[in-house]
Amino acid sequence: MVDRVLVTLDGVVRDADAPLVYADDIGVLRGDGVFETVLLRAGVACAIEFHLGRLRRSTQALDLPEPELGKWREAVETAAKEWGSEREGVMRLVLTRGRDREMSGIPSTVQTGDLAGAAPAPTAFVLVAPVSERVEKARAEGVAVMTLSRGISIDLAQAAPWQLLGAKTLSYATNMAALRFAARMGADDVIFTSTENRVLEGPRSTVVIARDKQLITPPAKNGVLPGVTQRTLFIEAEKAGWSCRYESLFTADLLTCDSIWMLSSISLAARVNSLDGLRMSAPDNAEEIIELVGRGIERAGAVGDW
């Protein structure tokens, strides 16, 4: 049983221990690229079409070449087959701008005309690895969360779209710093807040609150990444009679709701069991929400189902 699978966009299965990315790759030097993280379950890349759609939107935000989704689908299928169906896996789709080739006066986005070929070829690959113990614990026990100010207004995404707040980029240093700070404070995860005390998102998750038979998450216009798992939950929950809304939330709403959930493609539904040191008991419908998330992800299906 392999512990990692690496597939490039030409469909070739590579040695995961052999070098692949050049030292002068712009993704390495500047974090200039995008990625998606996908759960492999029973040999299926869950909600893959949602992820590919978000990958495409992220490349557009960064002025990267339009991704050839057909090739990505083939690489995903190859990686999933190599990984097998006996265990879950974490699949990462990574796309960078490629090697740093300084060419005076030639923008890196040039693709056609007399300068065809001037732009560096993007680096693209699919990597699969095992699900971590952290994920298993978060699913089973929930997570202790602390709120941290991101130091920005909810208006920033619309006032300064070049900030890329709605894109899933490789520039994750700030998010990782927040998680390390939370760990030093004895917490597992973080909920970012705005300067207006509005709820934003987690460093690697979407925040959803449950109130009675309602599920509410902050809207993308507030500068949060649209969540794939959250979207599949809303589709499934509405079928089950829940009211699902995109609505701005204040930090006070976190204290008055029935439950808070950190949703992500790998952890799926991690219930917040402690917020800023305040214990939060599981509501009666906690198991239902977990089941809705699992069912939503699985029904989102494999390649081509959406």
# chains A, B, ... in the order shown; residues from 1 in each chain; ligands from 1

call {"tool": "residues_around", "arguments": {"residues": "Leu62 in chain A", "least_positions_apart": "3", "cutoff": "8 Å", "atoms": "only C-alpha atoms", "output": "number ranges by chain"}}
result
A: 33, 58-59, 164

call {"tool": "select_by_dssp", "arguments": {"residues": "range 85-251 of chain A", "states": "helix (DSSP H, G or I)", "output": "number ranges by chain"}}
result
A: 113-115, 133-141, 156-159, 161-163, 173-184, 220-222, 228-239, 251

call {"tool": "select_by_dssp", "arguments": {"residues": "range 60-276 of chain A", "states": "strand (DSSP E)", "output": "ChimeraX atom specification"}}
result
/A:89-96,123-130,143-149,189-193,206-211,214-217,243-246,259-264,268-275

call {"tool": "closest_atom_pairs", "arguments": {"of": "range 142-207 of chain A", "to": "range 243-255 of chain A", "cutoff": "9 Å", "atoms": "only C-alpha atoms", "output": "tab-separated table"}}
result
residue	atom	partner	partner_atom	distance
A:Thr147	CA	A:Thr251	CA	8.5
A:Thr193	CA	A:Thr251	CA	7.4
A:Glu196	CA	A:Phe250	CA	8.2
A:Asn197	CA	A:Phe250	CA	5.7
A:Arg198	CA	A:Phe250	CA	4.3
A:Val199	CA	A:Leu249	CA	5.4
A:Leu200	CA	A:Leu249	CA	8.2

call {"tool": "write_last_selection", "arguments": {"atoms": "N, CA and C atoms", "output": "PDB file, in the first residue's frame"}}
result
ATOM      1  N   THR A 147     -11.053  33.209  18.597  1.00  0.00           N
ATOM      2  CA  THR A 147     -11.282  34.242  17.589  1.00  0.00           C
ATOM      3  C   THR A 147     -10.050  35.136  17.512  1.00  0.00           C
ATOM      4  N   THR A 193     -11.987  37.363  12.437  1.00  0.00           N
ATOM      5  CA  THR A 193     -13.032  38.382  12.495  1.00  0.00           C
ATOM      6  C   THR A 193     -12.532  39.654  11.807  1.00  0.00           C
ATOM      7  N   GLU A 196     -14.984  45.177  11.930  1.00  0.00           N
ATOM      8  CA  GLU A 196     -16.353  45.488  12.378  1.00  0.00           C
ATOM      9  C   GLU A 196     -16.910  44.395  13.290  1.00  0.00           C
ATOM     10  N   ASN A 197     -16.035  43.484  13.736  1.00  0.00           N
ATOM     11  CA  ASN A 197     -16.451  42.345  14.566  1.00  0.00           C
ATOM     12  C   ASN A 197     -17.409  41.413  13.821  1.00  0.00           C
ATOM     13  N   ARG A 198     -17.218  41.307  12.522  1.00  0.00           N
ATOM     14  CA  ARG A 198     -17.976  40.347  11.738  1.00  0.00           C
ATOM     15  C   ARG A 198     -17.191  39.038  11.633  1.00  0.00           C
ATOM     16  N   VAL A 199     -17.911  37.943  11.598  1.00  0.00           N
ATOM     17  CA  VAL A 199     -17.297  36.635  11.442  1.00  0.00           C
ATOM     18  C   VAL A 199     -16.850  36.477   9.987  1.00  0.00           C
ATOM     19  N   LEU A 200     -15.630  35.975   9.784  1.00  0.00           N
ATOM     20  CA  LEU A 200     -15.122  35.752   8.433  1.00  0.00           C
ATOM     21  C   LEU A 200     -15.024  34.252   8.142  1.00  0.00           C
TER      22      LEU A 200
END

call {"tool": "closest_atom_pairs", "arguments": {"of": "range 122-214 of chain A", "to": "range 88-105 of chain A", "cutoff": "12 Å", "atoms": "only C-alpha atoms", "output": "CSV"}}
result
residue,atom,partner,partner_atom,distance
A:Pro122,CA,A:Gly98,CA,4.1
A:Thr123,CA,A:Gly98,CA,4.9
A:Ala124,CA,A:Leu95,CA,4.5
A:Phe125,CA,A:Val94,CA,5.5
A:Val126,CA,A:Leu93,CA,4.7
A:Leu127,CA,A:Arg92,CA,5.2
A:Val128,CA,A:Met91,CA,4.3
A:Ala129,CA,A:Val90,CA,5.2
A:Pro130,CA,A:Gly89,CA,4.7
A:Val131,CA,A:Gly89,CA,5.4
A:Ser132,CA,A:Val90,CA,8.7
A:Val135,CA,A:Val90,CA,10.5
A:Glu136,CA,A:Glu88,CA,10.9
A:Lys168,CA,A:Val94,CA,10.5
A:Thr169,CA,A:Thr96,CA,9.3
A:Leu170,CA,A:Thr96,CA,8.3
A:Ser171,CA,A:Thr96,CA,11.1

call {"tool": "residues_around", "arguments": {"residues": "Ala300 in chain A", "least_positions_apart": "4", "cutoff": "9 Å", "atoms": "only C-alpha atoms", "output": "mmCIF file with N, CA, C and O atoms, in the first residue's frame"}}
result
data_model
loop_
_atom_site.group_PDB
_atom_site.id
_atom_site.type_symbol
_atom_site.label_atom_id
_atom_site.label_comp_id
_atom_site.auth_asym_id
_atom_site.auth_seq_id
_atom_site.Cartn_x
_atom_site.Cartn_y
_atom_site.Cartn_z
ATOM 1 N N CYS A 46 -14.152 13.352 -3.845
ATOM 2 C CA CYS A 46 -15.445 13.939 -3.456
ATOM 3 C C CYS A 46 -15.601 15.363 -3.976
ATOM 4 O O CYS A 46 -14.692 16.190 -3.859
ATOM 5 N N ALA A 47 -16.778 15.638 -4.521
ATOM 6 C CA ALA A 47 -17.148 16.986 -4.991
ATOM 7 C C ALA A 47 -16.104 17.566 -5.937
ATOM 8 O O ALA A 47 -15.867 18.771 -5.942
ATOM 9 N N ILE A 48 -15.506 16.725 -6.772
ATOM 10 C CA ILE A 48 -14.391 17.169 -7.599
ATOM 11 C C ILE A 48 -14.785 18.274 -8.570
ATOM 12 O O ILE A 48 -13.996 19.200 -8.823
ATOM 13 N N GLU A 49 -15.999 18.242 -9.106
ATOM 14 C CA GLU A 49 -16.382 19.282 -10.061
ATOM 15 C C GLU A 49 -16.504 20.647 -9.380
ATOM 16 O O GLU A 49 -16.178 21.680 -9.973
ATOM 17 N N PHE A 50 -16.959 20.667 -8.128
ATOM 18 C CA PHE A 50 -16.979 21.920 -7.371
ATOM 19 C C PHE A 50 -15.557 22.437 -7.194
ATOM 20 O O PHE A 50 -15.282 23.638 -7.321
ATOM 21 N N THR A 232 -22.086 21.912 -0.445
ATOM 22 C CA THR A 232 -22.743 20.611 -0.537
ATOM 23 C C THR A 232 -23.641 20.367 0.667
ATOM 24 O O THR A 232 -24.691 19.732 0.547
ATOM 25 N N ARG A 295 -23.213 13.048 3.705
ATOM 26 C CA ARG A 295 -24.071 12.679 2.582
ATOM 27 C C ARG A 295 -23.925 13.673 1.430
ATOM 28 O O ARG A 295 -23.902 13.284 0.255
ATOM 29 N N GLY A 296 -23.803 14.951 1.775
ATOM 30 C CA GLY A 296 -23.659 15.968 0.745
ATOM 31 C C GLY A 296 -22.385 15.808 -0.048
ATOM 32 O O GLY A 296 -22.384 15.901 -1.288
ATOM 33 N N ASP A 305 -20.037 14.172 -12.473
ATOM 34 C CA ASP A 305 -21.378 14.028 -11.916
ATOM 35 C C ASP A 305 -22.092 15.367 -11.759
ATOM 36 O O ASP A 305 -23.303 15.392 -11.577
ATOM 37 N N TRP A 306 -21.324 16.470 -11.735
ATOM 38 C CA TRP A 306 -21.959 17.783 -11.525
ATOM 39 C C TRP A 306 -21.670 18.648 -12.727
ATOM 40 O O TRP A 306 -20.616 18.596 -13.290
#

call {"tool": "atom_distance", "arguments": {"atom1": "CA of Pro283 in chain A", "atom2": "CA of Leu225 in chain A"}}
result
26.8 Å

call {"tool": "closest_residue", "arguments": {"among": "A:Thr78, A:Arg271, A:Gly186, A:Gly166", "to": "Val207 in chain A", "atoms": "only C-alpha atoms"}}
result
A:Arg271

call {"tool": "closest_residue", "arguments": {"among": "A:His51, A:Phe181, A:Arg134, A:Lys71", "to": "Arg231 in chain A", "atoms": "only C-alpha atoms"}}
result
A:His51

call {"tool": "atom_distance", "arguments": {"atom1": "CA of Leu148 in chain A", "atom2": "CA of Ile191 in chain A"}}
result
6.2 Å

call {"tool": "residues_around", "arguments": {"residues": "range 140-144 of chain A", "least_positions_apart": "4", "cutoff": "6 Å", "atoms": "only C-alpha atoms", "output": "tab-separated table (two decimals) with all heavy atoms, in the first residue's frame"}}
result
chain	number	residue	atom	x	y	z
A	187	ALA	N	-5.38	26.32	21.70
A	187	ALA	CA	-6.54	26.11	20.83
A	187	ALA	C	-6.15	25.28	19.61
A	187	ALA	O	-4.98	25.20	19.25
A	187	ALA	CB	-7.13	27.45	20.39
A	188	ASP	N	-7.15	24.67	18.99
A	188	ASP	CA	-6.92	23.84	17.80
A	188	ASP	C	-7.09	24.62	16.50
A	188	ASP	O	-6.50	24.27	15.48
A	188	ASP	CB	-7.92	22.67	17.77
A	188	ASP	CG	-7.85	21.81	19.00
A	188	ASP	OD1	-6.74	21.46	19.42
A	188	ASP	OD2	-8.93	21.50	19.55
A	270	ALA	N	-16.34	19.71	11.68
A	270	ALA	CA	-15.71	19.74	13.00
A	270	ALA	C	-16.50	20.71	13.87
A	270	ALA	O	-16.51	21.92	13.61
A	270	ALA	CB	-14.25	20.16	12.91
A	271	ARG	N	-17.16	20.18	14.90
A	271	ARG	CA	-17.96	21.06	15.76
A	271	ARG	C	-17.06	21.82	16.73
A	271	ARG	O	-16.10	21.26	17.27
A	271	ARG	CB	-18.98	20.24	16.56
A	271	ARG	CG	-19.95	21.10	17.39
A	271	ARG	CD	-20.91	20.24	18.20
A	271	ARG	NE	-20.20	19.46	19.23
A	271	ARG	CZ	-19.86	19.96	20.42
A	271	ARG	NH1	-20.14	21.21	20.74
A	271	ARG	NH2	-19.25	19.19	21.29
A	272	VAL	N	-17.33	23.09	16.92
A	272	VAL	CA	-16.58	23.90	17.88
A	272	VAL	C	-17.05	23.50	19.28
A	272	VAL	O	-18.19	23.75	19.65
A	272	VAL	CB	-16.79	25.40	17.63
A	272	VAL	CG1	-16.09	26.23	18.71
A	272	VAL	CG2	-16.29	25.79	16.24
A	273	ASN	N	-16.15	22.87	20.03
A	273	ASN	CA	-16.51	22.45	21.39
A	273	ASN	C	-16.08	23.45	22.45
A	273	ASN	O	-16.44	23.33	23.63
A	273	ASN	CB	-15.96	21.06	21.70
A	273	ASN	CG	-14.44	20.99	21.56
A	273	ASN	OD1	-13.72	21.94	21.87
A	273	ASN	ND2	-13.94	19.85	21.10
A	274	SER	N	-15.29	24.45	22.02
A	274	SER	CA	-14.85	25.50	22.94
A	274	SER	C	-14.53	26.74	22.12
A	274	SER	O	-13.84	26.66	21.10
A	274	SER	CB	-13.61	25.03	23.71
A	274	SER	OG	-13.05	26.10	24.46
